[in-house]
file structure_17.pdb (PDB, C-alpha atoms)
ATOM      1  CA  MET W   1       3.983  -2.876 -49.701
ATOM      2  CA  LYS W   2       2.394  -1.761 -46.466
ATOM      3  CA  ILE W   3       3.586  -2.624 -42.984
ATOM      4  CA  SER W   4       1.859  -1.611 -39.778
ATOM      5  CA  ILE W   5       4.383  -0.249 -37.287
ATOM      6  CA  ASN W   6       3.165   0.681 -33.821
ATOM      7  CA  GLY W   7      -0.361   0.972 -35.109
ATOM      8  CA  SER W   8       0.296   3.210 -38.115
ATOM      9  CA  VAL W   9       0.622   1.865 -41.654
ATOM     10  CA  LYS W  10       3.792   2.754 -43.530
ATOM     11  CA  GLU W  11       4.551   2.288 -47.231
ATOM     12  CA  PHE W  12       7.818   0.642 -48.284
ATOM     13  CA  LYS W  13       9.361  -0.051 -51.676
ATOM     14  CA  GLY W  14       9.834  -3.644 -52.852
ATOM     15  CA  LYS W  15       8.277  -6.896 -51.645
ATOM     16  CA  LYS W  16      10.234  -7.338 -48.450
ATOM     17  CA  ILE W  17      12.526  -5.444 -46.137
ATOM     18  CA  THR W  18      15.139  -6.852 -43.783
ATOM     19  CA  ALA W  19      14.993  -6.013 -40.093
ATOM     20  CA  GLU W  20      18.293  -4.165 -40.382
ATOM     21  CA  GLU W  21      17.015  -2.026 -43.266
ATOM     22  CA  LEU W  22      13.813  -1.225 -41.419
ATOM     23  CA  ILE W  23      15.659  -0.158 -38.271
ATOM     24  CA  ALA W  24      17.959   2.068 -40.319
ATOM     25  CA  GLN W  25      15.012   3.668 -42.152
ATOM     26  CA  LEU W  26      13.292   4.371 -38.846
ATOM     27  CA  ASN W  27      16.449   6.027 -37.431
ATOM     28  CA  LEU W  28      16.584   3.484 -34.624
ATOM     29  CA  ASN W  29      20.214   2.415 -35.013
ATOM     30  CA  GLY W  30      21.945   2.530 -31.637
ATOM     31  CA  LYS W  31      18.623   2.737 -29.792
ATOM     32  CA  ARG W  32      17.490   0.183 -27.274
ATOM     33  CA  PHE W  33      14.238  -1.485 -28.273
ATOM     34  CA  ALA W  34      12.464  -4.815 -28.625
ATOM     35  CA  ILE W  35      10.462  -5.916 -31.665
ATOM     36  CA  GLU W  36       7.386  -8.054 -32.078
ATOM     37  CA  LYS W  37       6.358  -9.316 -35.525
ATOM     38  CA  ASN W  38       2.743 -10.464 -35.863
ATOM     39  CA  GLY W  39       2.596 -11.141 -32.132
ATOM     40  CA  GLU W  40       5.924 -13.005 -31.901
ATOM     41  CA  ILE W  41       8.922 -11.468 -30.169
ATOM     42  CA  ILE W  42      12.015 -11.377 -32.366
ATOM     43  CA  SER W  43      15.057 -12.209 -30.260
ATOM     44  CA  LYS W  44      18.106  -9.990 -30.742
ATOM     45  CA  ASN W  45      20.072 -13.166 -31.424
ATOM     46  CA  TYR W  46      18.024 -13.953 -34.534
ATOM     47  CA  PHE W  47      17.554 -10.406 -35.718
ATOM     48  CA  ASN W  48      19.747 -10.593 -38.810
ATOM     49  CA  GLY W  49      17.789 -13.308 -40.612
ATOM     50  CA  ILE W  50      14.444 -11.546 -40.203
ATOM     51  CA  TYR W  51      12.557  -9.694 -42.916
ATOM     52  CA  PHE W  52       9.125  -8.145 -43.156
ATOM     53  CA  ASN W  53       6.449  -8.504 -45.866
ATOM     54  CA  ASP W  54       3.321  -6.717 -46.977
ATOM     55  CA  GLY W  55       0.662  -6.832 -44.264
ATOM     56  CA  ASP W  56       2.994  -7.563 -41.366
ATOM     57  CA  LYS W  57       2.175  -5.974 -38.033
ATOM     58  CA  ILE W  58       5.198  -4.816 -36.062
ATOM     59  CA  GLU W  59       5.477  -3.436 -32.568
ATOM     60  CA  ILE W  60       8.673  -1.661 -31.532
ATOM     61  CA  ILE W  61       8.826  -0.910 -27.807
ATOM     62  CA  GLY W  62      11.151   0.759 -25.335
ATOM     63  CA  ALA W  63      11.290   1.764 -21.673
ATOM     64  CA  VAL W  64       9.746   5.073 -20.614
ATOM     65  CA  GLY W  65       9.128   6.753 -17.291
ATOM     66  CA  GLY W  66       6.358   5.100 -15.318
ATOM     67  CA  GLY W  67       5.271   4.024 -11.865
TER      68      GLY W  67
ATOM     69  CA  MET M  68      18.900  -7.918  23.693
ATOM     70  CA  ASP M  69      19.446  -4.684  21.810
ATOM     71  CA  ARG M  70      19.560  -4.893  18.054
ATOM     72  CA  ASN M  71      22.854  -3.870  16.535
ATOM     73  CA  LEU M  72      22.300  -0.675  14.543
ATOM     74  CA  ASN M  73      25.095  -1.585  12.165
ATOM     75  CA  LYS M  74      23.647  -4.977  11.385
ATOM     76  CA  ASN M  75      23.029  -5.594   7.712
ATOM     77  CA  ASP M  76      19.362  -4.947   7.062
ATOM     78  CA  ASP M  77      19.190  -5.365   3.296
ATOM     79  CA  LEU M  78      15.922  -5.958   1.521
ATOM     80  CA  ILE M  79      16.080  -9.375  -0.143
ATOM     81  CA  ILE M  80      13.825 -10.007  -3.139
ATOM     82  CA  ALA M  81      14.132 -13.251  -5.082
ATOM     83  CA  GLY M  82      17.706 -13.684  -3.891
ATOM     84  CA  ARG M  83      18.700 -10.150  -4.862
ATOM     85  CA  SER M  84      19.943  -7.840  -2.120
ATOM     86  CA  PHE M  85      19.088  -4.124  -1.910
ATOM     87  CA  GLN M  86      20.298  -1.553   0.603
ATOM     88  CA  SER M  87      17.331   0.764   0.075
ATOM     89  CA  ARG M  88      13.776  -0.148   0.994
ATOM     90  CA  LEU M  89      12.411   2.690  -1.102
ATOM     91  CA  LEU M  90      11.380   1.806  -4.652
ATOM     92  CA  ILE M  91      10.774   4.674  -7.034
ATOM     93  CA  GLY M  92       8.652   5.136 -10.104
ATOM     94  CA  THR M  93      10.048   7.209 -12.953
ATOM     95  CA  GLY M  94       6.836   8.759 -14.312
ATOM     96  CA  LYS M  95       5.410  12.280 -14.109
ATOM     97  CA  TYR M  96       8.686  14.176 -13.660
ATOM     98  CA  ASN M  97       9.295  17.388 -15.607
ATOM     99  CA  ASN M  98      12.303  15.942 -17.413
ATOM    100  CA  PHE M  99      14.945  13.218 -17.189
ATOM    101  CA  GLU M 100      17.363  15.481 -15.278
ATOM    102  CA  GLN M 101      14.791  15.919 -12.536
ATOM    103  CA  THR M 102      14.011  12.182 -12.568
ATOM    104  CA  ARG M 103      17.676  11.376 -12.079
ATOM    105  CA  ALA M 104      18.210  13.999  -9.370
ATOM    106  CA  ALA M 105      15.189  12.785  -7.400
ATOM    107  CA  ILE M 106      16.288   9.161  -7.615
ATOM    108  CA  ASP M 107      19.801  10.120  -6.518
ATOM    109  CA  ALA M 108      18.363  12.007  -3.532
ATOM    110  CA  SER M 109      16.187   9.012  -2.635
ATOM    111  CA  GLU M 110      19.188   6.639  -2.793
ATOM    112  CA  SER M 111      16.826   4.016  -4.193
ATOM    113  CA  ASN M 112      18.215   0.927  -5.875
ATOM    114  CA  ILE M 113      15.067  -0.179  -7.720
ATOM    115  CA  VAL M 114      13.300   1.962 -10.318
ATOM    116  CA  THR M 115      10.100   1.069 -12.111
ATOM    117  CA  VAL M 116       9.715   1.800 -15.812
ATOM    118  CA  ALA M 117       6.810   1.491 -18.221
ATOM    119  CA  ILE M 118       6.984  -0.383 -21.524
ATOM    120  CA  ARG M 119       5.528   1.556 -24.426
ATOM    121  CA  ARG M 120       5.679   1.858 -28.196
ATOM    122  CA  ILE M 121       8.770   3.766 -29.274
ATOM    123  CA  ASN M 122       7.982   7.207 -30.619
ATOM    124  CA  LEU M 123       9.028   6.855 -34.256
ATOM    125  CA  GLY M 124       8.903  10.576 -34.832
ATOM    126  CA  GLN M 125      11.620  10.976 -32.217
ATOM    127  CA  SER M 126      14.873  12.308 -33.597
ATOM    128  CA  SER M 127      17.648   9.776 -33.203
ATOM    129  CA  ASP M 128      19.784  11.965 -30.941
ATOM    130  CA  GLU M 129      16.995  12.599 -28.436
ATOM    131  CA  PRO M 130      17.983  11.133 -25.050
ATOM    132  CA  SER M 131      16.132   8.191 -23.579
ATOM    133  CA  LEU M 132      15.340   7.232 -20.002
ATOM    134  CA  LEU M 133      17.908   4.448 -20.194
ATOM    135  CA  GLU M 134      20.676   6.963 -20.800
ATOM    136  CA  PHE M 135      19.777   8.925 -17.664
ATOM    137  CA  LEU M 136      19.231   5.820 -15.553
ATOM    138  CA  PRO M 137      21.700   3.223 -16.834
ATOM    139  CA  PRO M 138      20.544  -0.320 -16.043
ATOM    140  CA  SER M 139      24.093  -0.926 -14.788
ATOM    141  CA  GLU M 140      23.452   1.487 -11.873
ATOM    142  CA  PHE M 141      19.878   0.584 -10.975
ATOM    143  CA  THR M 142      17.713  -2.487 -10.869
ATOM    144  CA  TYR M 143      14.989  -1.953 -13.419
ATOM    145  CA  LEU M 144      11.499  -3.050 -12.587
ATOM    146  CA  PRO M 145       9.508  -3.017 -15.823
ATOM    147  CA  ASN M 146       5.819  -2.775 -15.009
ATOM    148  CA  THR M 147       2.573  -3.512 -16.770
ATOM    149  CA  ALA M 148       0.809  -0.281 -15.847
ATOM    150  CA  GLY M 149      -2.043   0.337 -18.251
ATOM    151  CA  CYS M 150      -2.734  -3.359 -18.873
ATOM    152  CA  PHE M 151      -6.313  -4.479 -18.254
ATOM    153  CA  SER M 152      -5.937  -8.179 -19.117
ATOM    154  CA  SER M 153      -3.537 -10.956 -18.192
ATOM    155  CA  ASP M 154      -2.697 -11.429 -21.888
ATOM    156  CA  ASP M 155      -1.622  -7.805 -22.288
ATOM    157  CA  ALA M 156       0.437  -7.929 -19.098
ATOM    158  CA  ILE M 157       2.209 -11.144 -20.105
ATOM    159  CA  ARG M 158       2.941  -9.795 -23.595
ATOM    160  CA  THR M 159       4.314  -6.555 -22.121
ATOM    161  CA  LEU M 160       6.643  -8.310 -19.700
ATOM    162  CA  ARG M 161       7.960 -10.732 -22.302
ATOM    163  CA  LEU M 162       8.833  -7.746 -24.488
ATOM    164  CA  ALA M 163      10.444  -6.073 -21.464
ATOM    165  CA  ARG M 164      12.578  -9.143 -20.842
ATOM    166  CA  GLU M 165      13.765  -9.036 -24.446
ATOM    167  CA  LEU M 166      14.389  -5.288 -24.195
ATOM    168  CA  LEU M 167      16.425  -5.659 -21.001
ATOM    169  CA  ASP M 168      18.562  -8.601 -22.150
ATOM    170  CA  GLY M 169      16.798 -11.321 -20.187
ATOM    171  CA  HIS M 170      16.251  -9.349 -16.959
ATOM    172  CA  ASN M 171      13.418 -11.240 -15.260
ATOM    173  CA  LEU M 172      12.491  -9.178 -12.165
ATOM    174  CA  VAL M 173       9.205  -7.493 -13.017
ATOM    175  CA  LYS M 174       6.222  -5.697 -11.538
ATOM    176  CA  LEU M 175       2.898  -7.196 -12.527
ATOM    177  CA  GLU M 176      -0.179  -5.041 -12.308
ATOM    178  CA  VAL M 177      -3.434  -5.766 -14.078
ATOM    179  CA  LEU M 178      -5.980  -3.011 -13.681
ATOM    180  CA  GLY M 179      -9.719  -3.449 -13.443
ATOM    181  CA  ASP M 180     -11.121   0.035 -13.761
ATOM    182  CA  PRO M 181      -9.757   3.091 -15.603
ATOM    183  CA  ASP M 182     -11.181   5.524 -13.029
ATOM    184  CA  THR M 183      -9.950   3.998  -9.779
ATOM    185  CA  LEU M 184      -7.077   1.936 -11.265
ATOM    186  CA  PHE M 185      -8.115  -0.743  -8.805
ATOM    187  CA  PRO M 186      -6.404  -4.054  -9.614
ATOM    188  CA  ASN M 187      -8.305  -6.900 -11.257
ATOM    189  CA  VAL M 188      -7.111  -9.644  -8.952
ATOM    190  CA  VAL M 189      -8.561 -12.496 -11.040
ATOM    191  CA  GLU M 190      -6.590 -11.401 -14.116
ATOM    192  CA  THR M 191      -3.584 -10.690 -11.892
ATOM    193  CA  ILE M 192      -3.628 -14.251 -10.522
ATOM    194  CA  ASN M 193      -3.981 -15.705 -14.031
ATOM    195  CA  ALA M 194      -1.025 -13.664 -15.290
ATOM    196  CA  ALA M 195       1.114 -14.448 -12.226
ATOM    197  CA  LYS M 196       0.703 -18.199 -12.741
ATOM    198  CA  ILE M 197       1.914 -18.011 -16.336
ATOM    199  CA  LEU M 198       4.748 -15.560 -15.646
ATOM    200  CA  VAL M 199       6.133 -17.574 -12.726
ATOM    201  CA  LYS M 200       6.098 -20.726 -14.906
ATOM    202  CA  ASP M 201       7.846 -18.727 -17.624
ATOM    203  CA  GLY M 202      10.753 -17.940 -15.293
ATOM    204  CA  PHE M 203       9.889 -14.419 -14.210
ATOM    205  CA  ASP M 204      10.478 -13.152 -10.673
ATOM    206  CA  VAL M 205       7.111 -11.474 -10.180
ATOM    207  CA  MET M 206       6.543  -8.595  -7.777
ATOM    208  CA  VAL M 207       2.807  -8.164  -7.822
ATOM    209  CA  TYR M 208       0.562  -5.165  -7.287
ATOM    210  CA  THR M 209      -2.676  -6.174  -5.637
ATOM    211  CA  SER M 210      -5.511  -5.045  -3.416
ATOM    212  CA  ASP M 211      -5.119  -5.146   0.369
ATOM    213  CA  ASP M 212      -7.045  -8.440   0.536
ATOM    214  CA  PRO M 213      -5.006 -10.861   2.672
ATOM    215  CA  ILE M 214      -6.516 -13.943   1.011
ATOM    216  CA  ILE M 215      -5.491 -12.799  -2.470
ATOM    217  CA  ALA M 216      -2.065 -11.800  -1.139
ATOM    218  CA  LYS M 217      -1.529 -15.303   0.223
ATOM    219  CA  GLN M 218      -2.716 -16.880  -3.033
ATOM    220  CA  LEU M 219      -0.235 -14.760  -4.996
ATOM    221  CA  GLU M 220       2.543 -15.892  -2.678
ATOM    222  CA  ASP M 221       1.488 -19.535  -3.097
ATOM    223  CA  ILE M 222       1.649 -19.116  -6.891
ATOM    224  CA  GLY M 223       5.292 -18.128  -6.462
ATOM    225  CA  CYS M 224       5.341 -14.328  -6.580
ATOM    226  CA  CYS M 225       8.530 -13.000  -4.978
ATOM    227  CA  ALA M 226       6.991  -9.867  -3.418
ATOM    228  CA  ILE M 227       3.416  -8.895  -2.587
ATOM    229  CA  MET M 228       2.645  -5.234  -3.195
ATOM    230  CA  PRO M 229      -0.720  -4.157  -1.785
ATOM    231  CA  LEU M 230      -2.048  -0.682  -2.356
ATOM    232  CA  ALA M 231      -2.230   1.716   0.580
ATOM    233  CA  SER M 232      -4.840   3.731  -1.320
ATOM    234  CA  LEU M 233      -5.570   4.388  -4.986
ATOM    235  CA  ILE M 234      -2.673   4.886  -7.418
ATOM    236  CA  GLY M 235      -1.648   8.527  -7.557
ATOM    237  CA  SER M 236      -4.226   9.555  -4.941
ATOM    238  CA  GLY M 237      -1.838  10.527  -2.151
ATOM    239  CA  MET M 238      -4.485   9.415   0.354
ATOM    240  CA  GLY M 239      -2.013   7.530   2.527
ATOM    241  CA  ILE M 240      -2.458   4.281   4.479
ATOM    242  CA  LEU M 241      -6.222   3.745   4.551
ATOM    243  CA  ASN M 242      -6.347   0.235   5.985
ATOM    244  CA  PRO M 243      -3.381  -0.454   8.264
ATOM    245  CA  TRP M 244      -5.148  -3.471   9.758
ATOM    246  CA  ASN M 245      -5.383  -5.268   6.410
ATOM    247  CA  LEU M 246      -1.733  -4.486   5.756
ATOM    248  CA  GLU M 247      -0.826  -5.937   9.154
ATOM    249  CA  ILE M 248      -2.744  -9.127   8.378
ATOM    250  CA  ILE M 249      -0.930  -9.443   5.037
ATOM    251  CA  ILE M 250       2.436  -8.854   6.707
ATOM    252  CA  ASP M 251       1.559 -11.511   9.271
ATOM    253  CA  LYS M 252       0.367 -14.119   6.762
ATOM    254  CA  VAL M 253       2.826 -13.653   3.893
ATOM    255  CA  ASN M 254       6.446 -14.779   4.075
ATOM    256  CA  VAL M 255       7.861 -13.027   0.998
ATOM    257  CA  PRO M 256       8.520  -9.257   1.194
ATOM    258  CA  VAL M 257       5.426  -7.053   1.480
ATOM    259  CA  ILE M 258       5.892  -3.708  -0.229
ATOM    260  CA  VAL M 259       3.249  -0.997  -0.116
ATOM    261  CA  ASP M 260       2.671   0.136  -3.672
ATOM    262  CA  ALA M 261       0.511   3.155  -4.388
ATOM    263  CA  GLY M 262      -1.254   5.762  -2.313
ATOM    264  CA  VAL M 263       1.577   7.267  -0.283
ATOM    265  CA  GLY M 264       1.219  11.062  -0.210
ATOM    266  CA  THR M 265       3.911  12.329   2.107
ATOM    267  CA  ALA M 266       6.753  11.198   4.339
ATOM    268  CA  SER M 267       4.640  10.200   7.346
ATOM    269  CA  ASP M 268       2.628   7.788   5.165
ATOM    270  CA  ALA M 269       5.835   5.980   4.220
ATOM    271  CA  THR M 270       6.942   5.892   7.837
ATOM    272  CA  ILE M 271       3.616   4.434   8.956
ATOM    273  CA  ALA M 272       3.893   1.687   6.330
ATOM    274  CA  MET M 273       7.373   0.791   7.540
ATOM    275  CA  GLU M 274       6.371   0.952  11.215
ATOM    276  CA  LEU M 275       3.638  -1.565  10.464
ATOM    277  CA  GLY M 276       6.353  -3.930   9.300
ATOM    278  CA  CYS M 277       6.232  -3.527   5.551
ATOM    279  CA  ASP M 278       9.511  -4.519   3.899
ATOM    280  CA  GLY M 279       9.510  -1.516   1.591
ATOM    281  CA  VAL M 280       7.449   1.142  -0.139
ATOM    282  CA  LEU M 281       7.072   1.840  -3.846
ATOM    283  CA  MET M 282       6.030   5.352  -4.790
ATOM    284  CA  ASN M 283       6.025   7.719  -7.736
ATOM    285  CA  THR M 284       3.494  10.545  -7.603
ATOM    286  CA  ALA M 285       4.238  11.562  -3.997
ATOM    287  CA  ILE M 286       7.717  12.563  -5.131
ATOM    288  CA  ALA M 287       7.158  13.591  -8.740
ATOM    289  CA  LEU M 288       4.212  15.868  -8.006
ATOM    290  CA  ALA M 289       5.587  17.444  -4.823
ATOM    291  CA  ASP M 290       6.351  21.152  -5.224
ATOM    292  CA  HIS M 291      10.014  20.237  -4.813
ATOM    293  CA  PRO M 292      10.449  16.627  -5.956
ATOM    294  CA  ILE M 293      14.134  16.319  -5.124
ATOM    295  CA  LEU M 294      13.587  17.521  -1.555
ATOM    296  CA  MET M 295      10.621  15.154  -1.198
ATOM    297  CA  ALA M 296      12.775  12.279  -2.462
ATOM    298  CA  SER M 297      15.238  13.032   0.312
ATOM    299  CA  ALA M 298      12.388  13.225   2.845
ATOM    300  CA  MET M 299      11.087   9.839   1.690
ATOM    301  CA  LYS M 300      14.503   8.246   2.112
ATOM    302  CA  LYS M 301      14.592   9.405   5.735
ATOM    303  CA  ALA M 302      10.949   8.454   6.291
ATOM    304  CA  ILE M 303      11.586   4.896   5.137
ATOM    305  CA  GLU M 304      14.724   4.563   7.252
ATOM    306  CA  SER M 305      13.000   6.083  10.251
ATOM    307  CA  GLY M 306       9.986   3.809   9.988
ATOM    308  CA  ARG M 307      12.172   0.759   9.497
ATOM    309  CA  GLU M 308      14.286   1.538  12.561
ATOM    310  CA  ALA M 309      11.168   2.204  14.663
ATOM    311  CA  PHE M 310       9.745  -1.146  13.544
ATOM    312  CA  LEU M 311      12.962  -2.969  14.417
ATOM    313  CA  ALA M 312      13.230  -1.097  17.713
ATOM    314  CA  GLY M 313       9.731  -2.188  18.718
ATOM    315  CA  ARG M 314       7.441   0.560  19.873
ATOM    316  CA  MET M 315       6.192   0.903  23.473
ATOM    317  CA  ASN M 316       2.695  -0.247  24.290
ATOM    318  CA  LYS M 317      -0.044   2.333  24.095
ATOM    319  CA  LYS M 318      -1.676   3.152  27.434
ATOM    320  CA  LEU M 319      -5.131   4.584  27.181
ATOM    321  CA  TYR M 320      -6.012   7.156  29.890
ATOM    322  CA  SER M 321      -3.013   6.205  31.991
ATOM    323  CA  ALA M 322      -0.046   8.560  32.058
ATOM    324  CA  SER M 323       3.415   7.536  33.163
ATOM    325  CA  PRO M 324       5.884  10.272  34.194
ATOM    326  CA  SER M 325       9.286  10.252  32.564
ATOM    327  CA  SER M 326      10.956  11.940  35.561
ATOM    328  CA  PRO M 327      11.487  10.293  38.966
ATOM    329  CA  VAL M 328       8.595  10.742  41.398
ATOM    330  CA  ARG M 329      10.995  10.523  44.350
ATOM    331  CA  GLY M 330      13.102  13.455  45.485
ATOM    332  CA  LEU M 331      10.627  16.142  44.556
ATOM    333  CA  ILE M 332      11.467  19.491  46.175
ATOM    334  CA  LYS M 333       8.917  20.329  48.780
TER     335      LYS M 333
END
call {"tool": "encode", "arguments": {"input": "structure_17.pdb", "output": "structure tokens"}}
result
Amino acid sequence: MKISINGSVKEFKGKKITAEELIAQLNLNGKRFAIEKNGEIISKNYFNGIYFNDGDKIEIIGAVGGG
Amino acid sequence: MDRNLNKNDDLIIAGRSFQSRLLIGTGKYNNFEQTRAAIDASESNIVTVAIRRINLGQSSDEPSLLEFLPPSEFTYLPNTAGCFSSDDAIRTLRLARELLDGHNLVKLEVLGDPDTLFPNVVETINAAKILVKDGFDVMVYTSDDPIIAKQLEDIGCCAIMPLASLIGSGMGILNPWNLEIIIDKVNVPVIVDAGVGTASDATIAMELGCDGVLMNTAIALADHPILMASAMKKAIESGREAFLAGRMNKKLYSASPSSPVRGLIK
């Protein structure tokens, strides 16, 4: 299946992937970030029950230097 | 009656109290060490940050801005720099609130032109209305138009932040009269945001009666950013004290000697 993450399409095995698995695969464990799935923000409180399917669009954002 | 120099003169924004009236952007520095050193030298309490896509190619042990500037030590002001529509700005700040565990003090800026980075005040007003209703404390970047400034206050923005000149231009305070009108008409803090080039610009803003100054490029692109950060701290304090002290009246073409005119040796 294909999932768009931050504007680039990535290929994953299987028909779905949990949020935890995705974060681990992206080496983001321990990082501070926020996630949006198909335009909806996923609250940290509900993170564990979330999974992603083919065609989902995900944005993963963080804070960077800026004025 | 003389003002007491030791009197508490904190900057109050949306019920939050800050000792420093200098707000610092965290962009354009050479590295995070320099960012941190400059902010330490400035003694600022509020730092602006941008919200961007995480770099997924980044190795997991690479440091992040948040490690160099822990949110426990500073008040973060996530901004919407780079947004050209109210929808994009609202989306960005909702993500920022999630990122920062519900922190709701934000800087709204909606740009209208990629060359001048002039604000689109119509989109800014639209976004401010929705964000205020959504529980955000909105500090808003705007033009130096006093009517728009007042409208943004009426919507419920907690600080009005007019430009002094274009973002990153270093052109200084181009329209002190408009700033004075805004300061006169608006009751929430007025913070000059953008355009300051050097210490005297910051002092002039504070002497006019601004409640604070937000700057980034003037420090980050100085030859010696950490020294400039220190200069800006003093400039802000100096301007603030001069404002509180109340300057003498200007006298055109009429000198007044400082020494006694009696008792001259003849």
call {"tool": "resolve_selection", "arguments": {"input": "structure_17.pdb", "expression": "the PyMOL selection byres ((chain W and resi 17-31) around 7)", "output": "ChimeraX atom specification"}}
result
/W:16,32-33,47-48,50-53 /M:123,127
call {"tool": "resolve_selection", "arguments": {"input": "structure_17.pdb", "expression": "the PyMOL selection byres ((chain W) within 10 of (chain M))", "output": "mmCIF file with C-alpha atoms, in the coordinates of the input"}}
result
data_model
loop_
_atom_site.group_PDB
_atom_site.id
_atom_site.type_symbol
_atom_site.label_atom_id
_atom_site.label_comp_id
_atom_site.auth_asym_id
_atom_site.auth_seq_id
_atom_site.Cartn_x
_atom_site.Cartn_y
_atom_site.Cartn_z
ATOM 1 C CA ILE W 5 4.383 -0.249 -37.287
ATOM 2 C CA ASN W 6 3.165 0.681 -33.821
ATOM 3 C CA GLY W 7 -0.361 0.972 -35.109
ATOM 4 C CA LEU W 26 13.292 4.371 -38.846
ATOM 5 C CA ASN W 27 16.449 6.027 -37.431
ATOM 6 C CA LEU W 28 16.584 3.484 -34.624
ATOM 7 C CA ASN W 29 20.214 2.415 -35.013
ATOM 8 C CA GLY W 30 21.945 2.530 -31.637
ATOM 9 C CA LYS W 31 18.623 2.737 -29.792
ATOM 10 C CA ARG W 32 17.490 0.183 -27.274
ATOM 11 C CA PHE W 33 14.238 -1.485 -28.273
ATOM 12 C CA ALA W 34 12.464 -4.815 -28.625
ATOM 13 C CA ILE W 35 10.462 -5.916 -31.665
ATOM 14 C CA GLU W 36 7.386 -8.054 -32.078
ATOM 15 C CA GLY W 39 2.596 -11.141 -32.132
ATOM 16 C CA GLU W 40 5.924 -13.005 -31.901
ATOM 17 C CA ILE W 41 8.922 -11.468 -30.169
ATOM 18 C CA ILE W 42 12.015 -11.377 -32.366
ATOM 19 C CA SER W 43 15.057 -12.209 -30.260
ATOM 20 C CA LYS W 44 18.106 -9.990 -30.742
ATOM 21 C CA GLU W 59 5.477 -3.436 -32.568
ATOM 22 C CA ILE W 60 8.673 -1.661 -31.532
ATOM 23 C CA ILE W 61 8.826 -0.910 -27.807
ATOM 24 C CA GLY W 62 11.151 0.759 -25.335
ATOM 25 C CA ALA W 63 11.290 1.764 -21.673
ATOM 26 C CA VAL W 64 9.746 5.073 -20.614
ATOM 27 C CA GLY W 65 9.128 6.753 -17.291
ATOM 28 C CA GLY W 66 6.358 5.100 -15.318
ATOM 29 C CA GLY W 67 5.271 4.024 -11.865
#
call {"tool": "atom_distance", "arguments": {"input": "structure_17.pdb", "atom1": "atom CA of Val259 of chain M", "atom2": "atom CA of Ala226 of chain M"}}
result
10.2 Å
call {"tool": "closest_residue", "arguments": {"input": "structure_17.pdb", "among": "M:Asn245, M:Leu136, M:Ala81, M:Leu275", "to": "Cys224 of chain M", "atoms": "all atoms listed in the file"}}
result
M:Ala81
call {"tool": "atom_distance", "arguments": {"input": "structure_17.pdb", "atom1": "atom CA of Leu89 of chain M", "atom2": "atom CA of Ile258 of chain M"}}
result
9.2 Å
call {"tool": "atom_distance", "arguments": {"input": "structure_17.pdb", "atom1": "atom CA of Gly313 of chain M", "atom2": "atom CA of Gly276 of chain M"}}
result
10.2 Å
call {"tool": "resolve_selection", "arguments": {"input": "structure_17.pdb", "expression": "the PyMOL selection byres ((chain M and resi 154) around 12)", "output": "list of chain:residue names"}}
result
W:Gly39, M:Thr147, M:Cys150, M:Phe151, M:Ser152, M:Ser153, M:Asp155, M:Ala156, M:Ile157, M:Arg158, M:Thr159, M:Leu160, M:Arg161, M:Leu175, M:Glu176, M:Val177, M:Glu190, M:Thr191, M:Ile192, M:Asn193, M:Ala194, M:Ala195, M:Lys196, M:Ile197, M:Leu198
call {"tool": "closest_residue", "arguments": {"input": "structure_17.pdb", "among": "M:Met228, M:Leu172, M:Leu294, M:Leu331", "to": "Asp201 of chain M", "atoms": "only C-alpha atoms"}}
result
M:Leu172
call {"tool": "residues_around", "arguments": {"input": "structure_17.pdb", "residues": "Ser109 of chain M", "least_positions_apart": "6", "cutoff": "7 Å", "atoms": "all atoms listed in the file", "output": "PyMOL selection string"}}
result
chain M and resi 296-297+299-300
call {"tool": "residues_around", "arguments": {"input": "structure_17.pdb", "residues": "Cys225 of chain M", "least_positions_apart": "6", "cutoff": "9 Å", "atoms": "all atoms listed in the file", "output": "PyMOL selection string"}}
result
chain M and resi 80-81+204-207+219+255-256
call {"tool": "write_last_selection", "arguments": {"input": "structure_17.pdb", "atoms": "C-alpha atoms", "output": "PDB file, in the coordinates of the input"}}
result
ATOM      1  CA  ILE M  80      13.825 -10.007  -3.139  1.00  0.00           C
ATOM      2  CA  ALA M  81      14.132 -13.251  -5.082  1.00  0.00           C
ATOM      3  CA  ASP M 204      10.478 -13.152 -10.673  1.00  0.00           C
ATOM      4  CA  VAL M 205       7.111 -11.474 -10.180  1.00  0.00           C
ATOM      5  CA  MET M 206       6.543  -8.595  -7.777  1.00  0.00           C
ATOM      6  CA  VAL M 207       2.807  -8.164  -7.822  1.00  0.00           C
ATOM      7  CA  LEU M 219      -0.235 -14.760  -4.996  1.00  0.00           C
ATOM      8  CA  VAL M 255       7.861 -13.027   0.998  1.00  0.00           C
ATOM      9  CA  PRO M 256       8.520  -9.257   1.194  1.00  0.00           C
TER      10      PRO M 256
END
call {"tool": "closest_residue", "arguments": {"input": "structure_17.pdb", "among": "M:Val173, M:Ile214, M:Ala322, M:Ala298", "to": "Ile106 of chain M", "atoms": "only C-alpha atoms"}}
result
M:Ala298
call {"tool": "axis_aligned_box", "arguments": {"input": "structure_17.pdb", "around": "segment 22-36 of chain W", "padding_each_side": "5 Å", "output": "lines of an AutoDock Vina configuration file"}}
result
center_x = 14.7
center_y = -1.0
center_z = -34.7
size_x = 24.6
size_y = 24.1
size_z = 24.9
call {"tool": "residues_around", "arguments": {"input": "structure_17.pdb", "residues": "Lys2 of chain W", "least_positions_apart": "6", "cutoff": "8 Å", "atoms": "all atoms listed in the file", "output": "number ranges by chain"}}
result
W: 9-12, 53-56
